$ cat coords04.txt   # compact mmCIF, C-alpha atoms and all ligand atoms
# COMPACT_ATOMS: atom_id res chain seq x y z
CA MET A 237 0.00 0.00 0.00
CA ASN A 238 1.31 3.43 -0.90
CA PHE A 239 -0.26 6.75 0.02
CA LYS A 240 2.31 8.83 -1.82
CA LEU A 241 0.89 10.74 -4.77
CA SER A 242 2.66 10.25 -8.09
CA GLU A 243 4.81 13.00 -9.57
CA GLU A 244 2.06 13.70 -12.09
CA HIS A 245 -0.54 14.14 -9.34
CA GLU A 246 1.79 16.39 -7.32
CA MET A 247 2.48 18.45 -10.43
CA ILE A 248 -1.23 18.87 -11.18
CA ARG A 249 -1.86 19.83 -7.55
CA LYS A 250 0.84 22.49 -7.64
CA MET A 251 -0.33 23.87 -10.96
CA VAL A 252 -3.98 24.11 -9.84
CA ARG A 253 -3.00 25.50 -6.42
CA ASP A 254 -0.99 28.29 -8.06
CA PHE A 255 -3.76 28.99 -10.54
CA ALA A 256 -6.40 29.01 -7.78
CA ARG A 257 -4.35 31.36 -5.63
CA ASN A 258 -3.43 33.77 -8.41
CA GLU A 259 -6.43 33.72 -10.74
CA VAL A 260 -9.44 32.48 -8.78
CA ALA A 261 -9.06 33.59 -5.16
CA PRO A 262 -8.67 37.34 -5.78
CA THR A 263 -12.21 37.71 -7.16
CA ALA A 264 -13.97 34.91 -5.23
CA ALA A 265 -15.64 37.15 -2.63
CA GLU A 266 -16.69 39.74 -5.19
CA ARG A 267 -18.15 37.13 -7.58
CA ASP A 268 -20.02 35.60 -4.64
CA GLU A 269 -21.42 38.97 -3.62
CA GLU A 270 -22.45 39.85 -7.18
CA GLU A 271 -23.64 36.30 -8.04
CA ARG A 272 -21.43 36.62 -11.11
CA PHE A 273 -20.08 33.73 -13.17
CA ASP A 274 -16.76 34.45 -14.88
CA ARG A 275 -16.38 32.54 -18.15
CA GLY A 276 -12.82 33.87 -18.35
CA ILE A 277 -11.82 31.61 -15.44
CA PHE A 278 -13.22 28.60 -17.30
CA GLU A 279 -11.24 29.63 -20.38
CA LYS A 280 -8.05 29.92 -18.36
CA MET A 281 -8.71 26.46 -16.88
CA ALA A 282 -9.01 25.21 -20.45
CA GLU A 283 -5.59 26.68 -21.31
CA LEU A 284 -4.12 24.63 -18.46
CA GLY A 285 -5.86 21.46 -19.66
CA LEU A 286 -8.13 21.31 -16.59
CA THR A 287 -11.36 21.01 -18.57
CA GLY A 288 -10.45 17.53 -19.81
CA ILE A 289 -8.26 15.98 -17.12
CA PRO A 290 -9.40 12.33 -17.29
CA TRP A 291 -10.13 12.10 -21.03
CA PRO A 292 -7.62 10.68 -23.51
CA GLU A 293 -5.77 13.07 -25.81
CA GLN A 294 -7.71 11.82 -28.84
CA TYR A 295 -10.81 13.39 -27.23
CA GLY A 296 -9.08 16.64 -26.36
CA GLY A 297 -8.13 15.68 -22.80
CA ILE A 298 -4.78 15.45 -21.05
CA GLY A 299 -5.02 11.71 -20.51
CA SER A 300 -4.73 11.78 -16.73
CA ASP A 301 -7.13 10.13 -14.28
CA TYR A 302 -10.00 10.66 -11.83
CA LEU A 303 -7.65 11.23 -8.90
CA ALA A 304 -6.00 14.13 -10.74
CA TYR A 305 -9.45 15.51 -11.52
CA CYS A 306 -10.47 15.27 -7.83
CA ILE A 307 -7.26 17.01 -6.77
CA ALA A 308 -8.05 19.84 -9.20
CA VAL A 309 -11.62 20.23 -7.90
CA GLU A 310 -10.28 20.19 -4.32
CA GLU A 311 -7.66 22.87 -4.96
CA LEU A 312 -10.13 25.14 -6.75
CA SER A 313 -12.74 24.69 -4.02
CA ARG A 314 -10.16 25.54 -1.38
CA VAL A 315 -10.48 29.15 -2.56
CA CYS A 316 -13.77 29.16 -4.50
CA ALA A 317 -16.34 26.35 -4.30
CA SER A 318 -18.28 27.81 -7.24
CA THR A 319 -15.29 27.34 -9.53
CA GLY A 320 -14.85 23.82 -8.14
CA VAL A 321 -18.39 22.78 -9.02
CA THR A 322 -18.20 24.38 -12.46
CA LEU A 323 -15.38 21.97 -13.27
CA SER A 324 -17.03 19.07 -11.48
CA ALA A 325 -20.38 19.32 -13.31
CA HIS A 326 -18.61 19.92 -16.62
CA THR A 327 -16.32 16.90 -16.22
CA SER A 328 -18.16 14.22 -14.31
CA LEU A 329 -21.82 15.00 -15.02
CA ALA A 330 -21.57 15.98 -18.69
CA GLY A 331 -18.23 14.67 -19.97
CA TRP A 332 -18.32 11.29 -18.24
CA PRO A 333 -21.59 9.92 -19.72
CA ILE A 334 -20.47 10.99 -23.21
CA PHE A 335 -17.07 9.35 -22.67
CA LYS A 336 -18.64 6.15 -21.33
CA PHE A 337 -21.76 5.82 -23.47
CA GLY A 338 -21.17 8.07 -26.49
CA ASN A 339 -20.28 6.65 -29.88
CA GLU A 340 -17.12 7.79 -31.67
CA GLU A 341 -18.95 10.52 -33.58
CA GLN A 342 -20.52 11.90 -30.38
CA LYS A 343 -17.17 11.89 -28.62
CA GLN A 344 -15.53 13.82 -31.45
CA LYS A 345 -18.43 16.23 -31.81
CA TYR A 346 -19.16 16.87 -28.13
CA LEU A 347 -16.56 15.47 -25.74
CA LYS A 348 -13.58 16.89 -27.63
CA PRO A 349 -14.63 20.58 -27.61
CA MET A 350 -15.75 20.14 -24.00
CA ALA A 351 -12.40 18.67 -22.97
CA GLN A 352 -10.66 21.51 -24.79
CA GLY A 353 -12.86 23.97 -22.93
CA LYS A 354 -14.31 25.41 -26.13
CA LYS A 355 -17.72 24.20 -24.95
CA MET A 356 -19.09 23.83 -21.45
CA GLY A 357 -21.23 20.93 -20.28
CA ALA A 358 -24.15 20.46 -17.87
CA TYR A 359 -26.47 17.66 -16.72
CA GLY A 360 -30.25 17.75 -16.46
CA LEU A 361 -32.00 15.16 -14.31
CA THR A 362 -33.90 16.92 -11.51
CA GLU A 363 -37.39 18.26 -12.13
CA PRO A 364 -39.76 20.29 -9.96
CA GLY A 365 -41.58 17.08 -8.93
CA SER A 366 -38.65 14.66 -8.92
CA GLY A 367 -35.54 15.32 -6.86
CA SER A 368 -34.48 12.39 -4.69
CA ASP A 369 -36.96 10.21 -6.60
CA ALA A 370 -35.16 10.75 -9.89
CA GLY A 371 -37.23 8.02 -11.54
CA GLY A 372 -40.36 10.16 -11.11
CA MET A 373 -39.43 12.51 -13.95
CA ARG A 374 -42.11 13.84 -16.33
CA THR A 375 -40.12 15.24 -19.25
CA ILE A 376 -41.25 13.41 -22.35
CA ALA A 377 -39.39 12.58 -25.57
CA ARG A 378 -41.67 11.59 -28.46
CA LEU A 379 -40.29 10.12 -31.68
CA ASP A 380 -41.15 12.15 -34.79
CA GLY A 381 -39.43 10.91 -37.94
CA ASP A 382 -35.69 11.19 -37.39
CA ASP A 383 -36.05 13.40 -34.33
CA TYR A 384 -37.29 13.21 -30.80
CA ILE A 385 -39.52 16.06 -29.58
CA LEU A 386 -38.78 16.92 -25.95
CA ASN A 387 -41.29 18.62 -23.66
CA GLY A 388 -40.81 19.43 -19.99
CA SER A 389 -38.37 21.19 -17.74
CA LYS A 390 -35.38 20.46 -15.52
CA ILE A 391 -34.34 22.49 -12.50
CA PHE A 392 -31.26 23.19 -10.38
CA ILE A 393 -28.96 22.87 -13.38
CA THR A 394 -25.35 23.65 -12.47
CA ASN A 395 -23.72 25.64 -15.33
CA GLY A 396 -27.26 26.34 -16.60
CA GLY A 397 -27.34 29.15 -19.13
CA GLU A 398 -23.55 29.06 -19.53
CA ALA A 399 -23.29 25.50 -20.82
CA ASP A 400 -23.39 24.75 -24.54
CA ILE A 401 -24.05 21.01 -24.19
CA TYR A 402 -26.58 19.39 -21.86
CA VAL A 403 -26.88 15.69 -21.08
CA VAL A 404 -30.58 15.30 -20.26
CA PHE A 405 -32.93 12.49 -19.36
CA ALA A 406 -36.48 12.07 -20.65
CA LEU A 407 -39.19 9.44 -20.87
CA THR A 408 -39.38 7.75 -24.24
CA ASP A 409 -41.79 5.20 -22.78
CA PRO A 410 -43.74 6.90 -19.98
CA GLU A 411 -45.47 3.65 -18.91
CA ASN A 412 -42.15 2.10 -18.13
CA LYS A 413 -40.50 4.52 -15.64
CA HIS A 414 -36.88 3.37 -15.17
CA LYS A 415 -36.68 1.29 -18.33
CA GLY A 416 -38.57 3.93 -20.30
CA THR A 417 -35.98 6.66 -19.70
CA THR A 418 -33.49 7.72 -22.39
CA ALA A 419 -30.45 10.02 -22.27
CA PHE A 420 -30.01 12.76 -24.89
CA ILE A 421 -27.30 15.23 -25.80
CA VAL A 422 -28.96 18.61 -26.28
CA GLU A 423 -27.19 21.66 -27.69
CA SER A 424 -28.16 25.01 -26.23
CA ASP A 425 -29.11 26.35 -29.66
CA PHE A 426 -31.51 23.54 -30.56
CA PRO A 427 -34.92 25.07 -31.37
CA GLY A 428 -37.30 24.72 -28.42
CA PHE A 429 -34.54 24.77 -25.80
CA SER A 430 -34.44 27.73 -23.45
CA VAL A 431 -33.02 28.71 -20.10
CA GLY A 432 -35.54 29.61 -17.38
CA LYS A 433 -35.28 31.07 -13.92
CA LYS A 434 -31.86 31.58 -12.37
CA GLU A 435 -31.84 30.61 -8.70
CA LYS A 436 -30.75 33.02 -5.97
CA LYS A 437 -28.78 30.87 -3.58
CA MET A 438 -27.31 30.73 -0.08
CA GLY A 439 -23.90 29.59 -1.36
CA ILE A 440 -21.93 28.74 -4.50
CA ARG A 441 -23.37 32.01 -5.72
CA SER A 442 -20.96 32.54 -8.60
CA SER A 443 -21.93 29.18 -10.10
CA PRO A 444 -25.12 29.66 -12.14
CA THR A 445 -28.02 27.35 -11.25
CA THR A 446 -30.99 27.57 -13.59
CA GLU A 447 -34.06 25.91 -14.95
CA ILE A 448 -33.89 24.59 -18.52
CA ILE A 449 -37.05 24.29 -20.59
CA PHE A 450 -37.96 22.08 -23.53
CA GLU A 451 -40.89 23.28 -25.64
CA ASP A 452 -41.23 20.98 -28.62
CA CYS A 453 -37.45 20.85 -28.58
CA ARG A 454 -36.29 18.88 -31.61
CA VAL A 455 -33.35 16.58 -30.89
CA PRO A 456 -31.98 14.40 -33.70
CA LYS A 457 -32.10 10.65 -33.10
CA GLU A 458 -28.31 10.50 -33.40
CA ASN A 459 -28.10 12.51 -30.16
CA ILE A 460 -29.42 9.61 -28.12
CA LEU A 461 -26.71 8.71 -25.62
CA GLY A 462 -26.39 4.95 -25.17
CA GLU A 463 -29.49 2.94 -26.00
CA VAL A 464 -33.16 3.89 -25.89
CA GLY A 465 -34.42 2.90 -22.41
CA GLU A 466 -30.94 2.93 -20.88
CA GLY A 467 -31.18 6.50 -19.58
CA PHE A 468 -31.93 5.85 -15.90
CA LYS A 469 -28.95 3.54 -15.58
CA ILE A 470 -26.76 6.14 -17.32
CA ALA A 471 -28.04 8.85 -14.96
CA MET A 472 -27.26 6.71 -11.90
CA MET A 473 -23.85 5.60 -13.11
CA THR A 474 -22.98 9.21 -13.90
CA LEU A 475 -23.88 10.22 -10.36
CA ASP A 476 -21.72 7.41 -8.95
CA GLY A 477 -18.63 9.27 -10.15
CA GLY A 478 -20.10 12.76 -9.88
CA ARG A 479 -20.60 12.29 -6.15
CA ASN A 480 -16.89 11.83 -5.67
CA GLY A 481 -16.30 15.14 -7.46
CA ILE A 482 -18.59 16.75 -4.89
CA ALA A 483 -16.67 14.99 -2.12
CA ALA A 484 -13.51 16.58 -3.54
CA GLN A 485 -15.25 19.95 -3.56
CA ALA A 486 -16.27 19.42 0.08
CA VAL A 487 -12.69 18.49 1.07
CA GLY A 488 -11.45 21.66 -0.62
CA ILE A 489 -14.00 23.87 1.14
CA ALA A 490 -13.15 22.29 4.51
CA GLN A 491 -9.40 22.66 3.91
CA GLY A 492 -9.84 26.30 2.91
CA ALA A 493 -11.75 26.99 6.13
CA LEU A 494 -9.18 25.08 8.21
CA ASP A 495 -6.29 27.03 6.63
CA ALA A 496 -8.00 30.31 7.46
CA ALA A 497 -8.82 29.20 11.02
CA VAL A 498 -5.25 28.06 11.74
CA ASP A 499 -3.76 31.32 10.44
CA TYR A 500 -6.19 33.38 12.44
CA ALA A 501 -5.77 31.35 15.63
CA LYS A 502 -1.99 31.85 15.50
CA GLU A 503 -2.36 35.62 15.21
CA ARG A 504 -5.36 36.44 17.37
CA VAL A 505 -4.25 37.17 20.90
CA GLN A 506 -6.69 36.96 23.81
CA PHE A 507 -5.93 36.55 27.51
CA GLY A 508 -2.29 37.32 26.72
CA LYS A 509 -1.55 34.58 24.18
CA PRO A 510 -2.61 33.45 20.68
CA ILE A 511 -5.94 31.65 20.80
CA ALA A 512 -4.32 28.64 19.06
CA GLN A 513 -2.53 28.06 22.36
CA GLN A 514 -5.79 28.02 24.30
CA GLN A 515 -6.78 24.39 24.57
CA GLY A 516 -10.42 24.97 23.60
CA VAL A 517 -9.34 26.38 20.24
CA GLY A 518 -6.31 24.10 19.73
CA PHE A 519 -8.42 20.96 20.21
CA LYS A 520 -11.05 22.33 17.83
CA LEU A 521 -8.36 22.78 15.15
CA ALA A 522 -7.11 19.24 15.81
CA ASP A 523 -10.58 17.77 15.32
CA MET A 524 -11.12 19.82 12.16
CA ALA A 525 -7.80 18.70 10.65
CA THR A 526 -8.52 15.04 11.49
CA GLN A 527 -11.93 15.16 9.82
CA VAL A 528 -10.52 16.82 6.71
CA GLU A 529 -7.77 14.22 6.38
CA ALA A 530 -10.18 11.29 6.79
CA SER A 531 -12.50 12.77 4.17
CA ARG A 532 -9.62 13.34 1.78
CA LEU A 533 -8.40 9.75 2.11
CA LEU A 534 -11.84 8.31 1.37
CA THR A 535 -12.28 10.67 -1.58
CA TYR A 536 -8.90 9.81 -3.07
CA GLN A 537 -9.58 6.12 -2.55
CA ALA A 538 -12.85 6.29 -4.49
CA ALA A 539 -11.11 8.24 -7.28
CA TRP A 540 -8.31 5.72 -7.36
CA LEU A 541 -10.80 2.81 -7.57
CA GLU A 542 -12.49 4.46 -10.54
CA SER A 543 -9.15 5.13 -12.23
CA GLU A 544 -8.20 1.48 -11.75
CA GLY A 545 -11.47 0.30 -13.30
CA LEU A 546 -12.65 -1.19 -9.99
CA PRO A 547 -16.16 -0.77 -8.50
CA TYR A 548 -16.44 2.63 -6.82
CA GLY A 549 -20.16 3.47 -6.44
CA LYS A 550 -20.38 2.63 -2.73
CA GLU A 551 -17.08 4.35 -1.89
CA SER A 552 -18.12 7.42 -3.87
CA ALA A 553 -21.40 7.69 -1.94
CA MET A 554 -19.42 7.22 1.29
CA SER A 555 -16.90 9.89 0.37
CA LYS A 556 -19.63 12.44 -0.37
CA LEU A 557 -21.44 11.52 2.84
CA LEU A 558 -18.35 11.94 5.00
CA ALA A 559 -16.80 14.89 3.18
CA GLY A 560 -20.11 16.80 2.92
CA ASP A 561 -20.71 16.48 6.66
CA THR A 562 -17.06 17.35 7.32
CA ALA A 563 -17.30 20.49 5.20
CA MET A 564 -20.36 21.63 7.13
CA LYS A 565 -18.82 20.88 10.54
CA VAL A 566 -15.38 22.29 9.78
CA THR A 567 -16.66 25.51 8.21
CA THR A 568 -19.05 26.05 11.13
CA GLU A 569 -16.16 25.56 13.56
CA ALA A 570 -13.96 27.89 11.50
CA VAL A 571 -16.54 30.65 11.91
CA GLN A 572 -16.51 29.89 15.65
CA VAL A 573 -12.71 30.22 15.82
CA PHE A 574 -12.99 33.64 14.17
CA GLY A 575 -15.74 34.65 16.63
CA GLY A 576 -17.57 37.85 15.65
CA TYR A 577 -15.18 38.48 12.77
CA GLY A 578 -16.09 35.10 11.30
CA TYR A 579 -19.67 36.23 10.99
CA THR A 580 -18.68 39.15 8.79
CA LYS A 581 -17.66 39.29 5.16
CA GLU A 582 -14.24 40.60 6.14
CA TYR A 583 -13.00 36.98 6.21
CA PRO A 584 -13.80 34.11 3.84
CA VAL A 585 -15.07 31.63 6.44
CA GLU A 586 -18.71 32.76 6.29
CA ARG A 587 -18.62 32.12 2.51
CA PHE A 588 -17.08 28.69 3.07
CA MET A 589 -19.86 27.89 5.56
CA ARG A 590 -22.58 28.95 3.11
CA ASP A 591 -20.88 27.03 0.29
CA ALA A 592 -20.48 23.88 2.38
CA LYS A 593 -24.22 23.36 2.85
CA ILE A 594 -24.89 22.39 -0.76
CA THR A 595 -22.43 19.50 -0.58
CA GLN A 596 -24.91 17.80 1.76
CA ILE A 597 -27.69 18.28 -0.76
CA TYR A 598 -26.75 18.08 -4.43
CA GLU A 599 -25.88 15.00 -6.45
CA GLY A 600 -28.04 13.16 -3.94
CA THR A 601 -28.77 14.30 -0.40
CA GLN A 602 -26.90 12.73 2.50
CA GLU A 603 -30.01 10.64 3.10
CA ILE A 604 -29.85 9.32 -0.49
CA GLN A 605 -26.15 8.49 -0.01
CA ARG A 606 -27.14 6.38 3.01
CA LEU A 607 -29.82 4.69 0.92
CA VAL A 608 -27.29 3.92 -1.85
CA ILE A 609 -24.69 2.62 0.63
CA SER A 610 -27.15 0.50 2.62
CA ARG A 611 -28.63 -1.03 -0.56
CA MET A 612 -25.15 -1.94 -1.73
CA LEU A 613 -24.31 -3.48 1.63
CA THR A 614 -27.40 -5.64 1.67
CA LYS A 615 -28.04 -6.55 -1.97
N1 LIG B 701 -25.59 1.94 -11.51
C1 LIG B 701 -26.22 1.18 -12.43
N2 LIG B 701 -27.56 0.93 -12.38
C2 LIG B 701 -28.24 1.46 -11.34
C3 LIG B 701 -27.62 2.24 -10.35
C4 LIG B 701 -26.23 2.47 -10.46
N3 LIG B 701 -25.57 3.21 -9.57
N4 LIG B 701 -28.54 2.62 -9.44
C5 LIG B 701 -29.72 2.08 -9.86
N5 LIG B 701 -29.53 1.38 -11.01
C6 LIG B 701 -30.52 0.61 -11.75
C7 LIG B 701 -31.02 -0.53 -10.89
O1 LIG B 701 -30.20 -1.67 -11.00
C8 LIG B 701 -32.40 -0.76 -11.46
O2 LIG B 701 -32.28 -1.50 -12.65
P1 LIG B 701 -33.21 -2.81 -12.90
O3 LIG B 701 -34.61 -2.27 -12.97
O4 LIG B 701 -32.69 -3.35 -14.19
O5 LIG B 701 -33.01 -3.70 -11.72
C9 LIG B 701 -32.87 0.64 -11.86
O6 LIG B 701 -31.66 1.42 -12.03
C10 LIG B 701 -33.74 1.29 -10.83
O7 LIG B 701 -33.02 1.30 -9.61
P2 LIG B 701 -33.72 1.53 -8.21
O8 LIG B 701 -34.89 0.60 -8.10
O9 LIG B 701 -32.67 1.47 -7.16
O10 LIG B 701 -34.29 3.01 -8.39
P3 LIG B 701 -35.05 3.96 -7.37
O11 LIG B 701 -36.17 4.59 -8.07
O12 LIG B 701 -35.30 3.23 -6.07
O13 LIG B 701 -33.96 5.12 -7.15
C11 LIG B 701 -32.13 6.25 -6.07
C12 LIG B 701 -32.72 4.94 -6.64
C13 LIG B 701 -30.74 5.84 -5.63
C14 LIG B 701 -32.92 6.78 -4.92
C15 LIG B 701 -32.06 7.28 -7.22
O14 LIG B 701 -33.35 7.76 -7.58
C16 LIG B 701 -31.19 8.46 -6.85
O15 LIG B 701 -29.98 8.41 -6.97
N6 LIG B 701 -31.80 9.61 -6.41
C17 LIG B 701 -31.06 10.84 -6.16
C18 LIG B 701 -30.95 11.63 -7.42
C19 LIG B 701 -29.82 12.60 -7.40
O16 LIG B 701 -28.73 12.33 -6.92
N7 LIG B 701 -30.04 13.77 -8.00
C20 LIG B 701 -29.05 14.77 -8.14
C21 LIG B 701 -29.12 15.37 -9.52
S1 LIG B 701 -27.70 16.23 -10.14
C22 LIG B 701 -27.48 17.60 -9.18
O17 LIG B 701 -27.53 17.50 -8.02
C23 LIG B 701 -27.28 18.95 -9.76
C24 LIG B 701 -25.96 19.33 -10.26
O18 LIG B 701 -25.87 19.77 -11.39
C25 LIG B 701 -24.75 19.28 -9.40

$ encode --input "coords04.txt" --output "structure tokens" --more "lines below"
Ligand code: CAA
Amino acid sequence: MNFKLSEEHEMIRKMVRDFARNEVAPTAAERDEEERFDRGIFEKMAELGLTGIPWPEQYGGIGSDYLAYCIAVEELSRVCASTGVTLSAHTSLAGWPIFKFGNEEQKQKYLKPMAQGKKMGAYGLTEPGSGSDAGGMRTIARLDGDDYILNGSKIFITNGGEADIYVVFALTDPENKHKGTTAFIVESDFPGFSVGKKEKKMGIRSSPTTEIIFEDCRVPKENILGEVGEGFKIAMMTLDGGRNGIAAQAVGIAQGALDAAVDYAKERVQFGKPIAQQQGVGFKLADMATQVEASRLLTYQAAWLESEGLPYGKESAMSKLLAGDTAMKVTTEAVQVFGGYGYTKEYPVERFMRDAKITQIYEGTQEIQRLVISRMLTK
């Protein structure tokens, strides 16, 4: 057993850490305040090859692996969780199903420009009436000659409005729920596709979250991803990996809050000595660091399993469960270490705390992770 990261992984970590510090961190608070997405940051990530980390070079990627991708999401989220999830949704929710289930033509047409960062991807599963019960979707896809006509809407779409390519799920056989669901690749300029309401959110405010609407949206048959009726399985398998990307985001948020808390505790003097030397605060920092490290190890393990081609669905659900809860606990404690200052926007910890909450909710709530894990344990 070897816990040492390879030279390639260390190199990617250093590159993303420098980029995050120099290009992402300086505007993170302002973008959060203004709820402003910055496409320029995505374009700079593309220049560094970050928009296609796990995909082979023939599809525009850098031919690395899922661990490298998780490290990148972690380092970005350490300064800006919105930037972390932009990359995560683009890579594991939109790129992954095309890589895994797309035919050669689809990979060249869609995955390649996405990996090169010329196009951005998003994933549309959730609907107003079907969140945790993803199989309860209502969006319909009706065959009409060589096209499918999509009608319905999807909500809470990360990268919504900014993305050019959407992997969406619709019922091609409404009587047949899971086995009647099909995955489609939809381009943002297909007639009948539009972007609806943009959500105003507690956290990850510089990552756009919108509704997407299909009104007689014509999608050519060749844009079916995988087989007709295979969509629910594709949606679930996509989330298996996506959840580990969110775990990486959660680890990054928690690490960012821990870094800030340690620095502050070393400088803040009360009762004649730095608060880090007061046992109440020192022990808090110790617990925070321990939780972050445990979450990181589980997250890296799940990423490693996926990179090795081994089963990773259970471990990925576990990593999101642990890391999401860790992010919430650690950021809350970081605010506590900062005291009154932590509650203000003068320091980043209040943003980290607001950003952390979503990691317990999206890509399956913590309750759904427990359901997934317990079903896998007992099946
Ligand atoms: N891999 C492969 N197949 C799977 C699978 C997996 N991980 N999970 C389920 N399936 C298959 C099952 O084997 C079953 O197939 P058969 O009928 O052939 O046996 C079929 O799918 C139905 O499975 P279930 O009976 O388990 O389905 P269910 O209706 O009970 O739902 C669930 C299971 C786990 C609760 C699922 O609905 C779920 O994951 N819900 C949460 C949805 C979610 O995470 N949404 C987040 C959306 S993305 C997002 O958050 C926004 C963003 O952009 C970041």

$ residues_near_ligand --input "coords04.txt" --ligand "ligand LIG 701 (chain B)" --cutoff "6 Å" --atoms "all atoms listed in the file" --output "list of chain:residue names"
A:Ala325, A:Tyr359, A:Leu361, A:Thr362, A:Gly367, A:Ser368, A:Asp369, A:Ala370, A:Gly371, A:Phe392, A:Ile393, A:Thr394, A:His414, A:Phe468, A:Lys469, A:Met472, A:Met473, A:Asp476, A:Tyr598, A:Glu599, A:Gly600, A:Ile604, A:Val608

$ residues_around --input "coords04.txt" --residues "region 258-273 of chain A" --least-positions-apart "6" --cutoff "8 Å" --atoms "only C-alpha atoms" --output "list in words"
Leu312, Val315, Cys316, Thr319, Gly439, Ile440, Arg441, Ser442, Ser443, Pro444, Pro584 and Arg587 of chain A

$ atom_distance --input "coords04.txt" --atom1 "CA of Gly357 (chain A)" --atom2 "CA of Thr327 (chain A)"
7.5 Å

$ closest_residue --input "coords04.txt" --among "A:Ile401, A:Gln602, A:Tyr583, A:Gly331" --to "Asp499 (chain A)" --atoms "only C-alpha atoms"
A:Tyr583

$ atom_distance --input "coords04.txt" --atom1 "CA of Cys306 (chain A)" --atom2 "CA of Leu541 (chain A)"
12.5 Å

$ residues_around --input "coords04.txt" --residues "Tyr548 (chain A)" --least-positions-apart "2" --cutoff "9 Å" --atoms "all atoms listed in the file" --output "compact mmCIF listing (two decimals) with C-alpha atoms, keeping the file's coordinate frame"
# COMPACT_ATOMS: atom_id res chain seq x y z
CA ASP A 476 -21.72 7.41 -8.95
CA GLY A 477 -18.63 9.27 -10.15
CA GLN A 537 -9.58 6.12 -2.55
CA ALA A 538 -12.85 6.29 -4.49
CA ALA A 539 -11.11 8.24 -7.28
CA TRP A 540 -8.31 5.72 -7.36
CA LEU A 541 -10.80 2.81 -7.57
CA GLU A 542 -12.49 4.46 -10.54
CA GLY A 545 -11.47 0.30 -13.30
CA LEU A 546 -12.65 -1.19 -9.99
CA LYS A 550 -20.38 2.63 -2.73
CA GLU A 551 -17.08 4.35 -1.89
CA SER A 552 -18.12 7.42 -3.87
CA ALA A 553 -21.40 7.69 -1.94

$ atom_distance --input "coords04.txt" --atom1 "CA of Ser430 (chain A)" --atom2 "CA of Lys336 (chain A)"
26.8 Å

$ closest_residue --input "coords04.txt" --among "A:Gly388, A:Gly508, A:Gly381, A:Gly481" --to "Cys453 (chain A)" --atoms "all atoms listed in the file"
A:Gly388

$ axis_aligned_box --input "coords04.txt" --around "region 574-587 of chain A" --padding-each-side "3 Å" --output "AutoDock Vina command-line options"
--center_x -16.3 --center_y 36.1 --center_z 9.6 --size_x 12.7 --size_y 15.0 --size_z 20.1

$ closest_residue --input "coords04.txt" --among "A:Gly396, A:Gly516, A:Gly285, A:Gly578" --to "Ala496 (chain A)" --atoms "all atoms listed in the file"
A:Gly578

$ residues_around --input "coords04.txt" --residues "Ala530 (chain A)" --least-positions-apart "5" --cutoff "10 Å" --atoms "all atoms listed in the file" --output "MDAnalysis selection string"
chainID A and resid 487 525 535 555 558:559 562

$ closest_residue --input "coords04.txt" --among "A:Thr408, A:Gln515, A:Ser242, A:Gln506" --to "Phe574 (chain A)" --atoms "only C-alpha atoms"
A:Gln506

$ residues_around --input "coords04.txt" --residues "region 294-302 of chain A" --least-positions-apart "2" --cutoff "6 Å" --atoms "all atoms listed in the file" --output "ChimeraX atom specification"
/A:288-292,304-305,348,351-352,539,543

$ closest_residue --input "coords04.txt" --among "A:Ile376, A:Leu557, A:Met237, A:Leu323" --to "Ala308 (chain A)" --atoms "all atoms listed in the file"
A:Leu323

$ closest_residue --input "coords04.txt" --among "A:Met356, A:Met554, A:Leu407, A:Ile594" --to "Gly465 (chain A)" --atoms "only C-alpha atoms"
A:Leu407
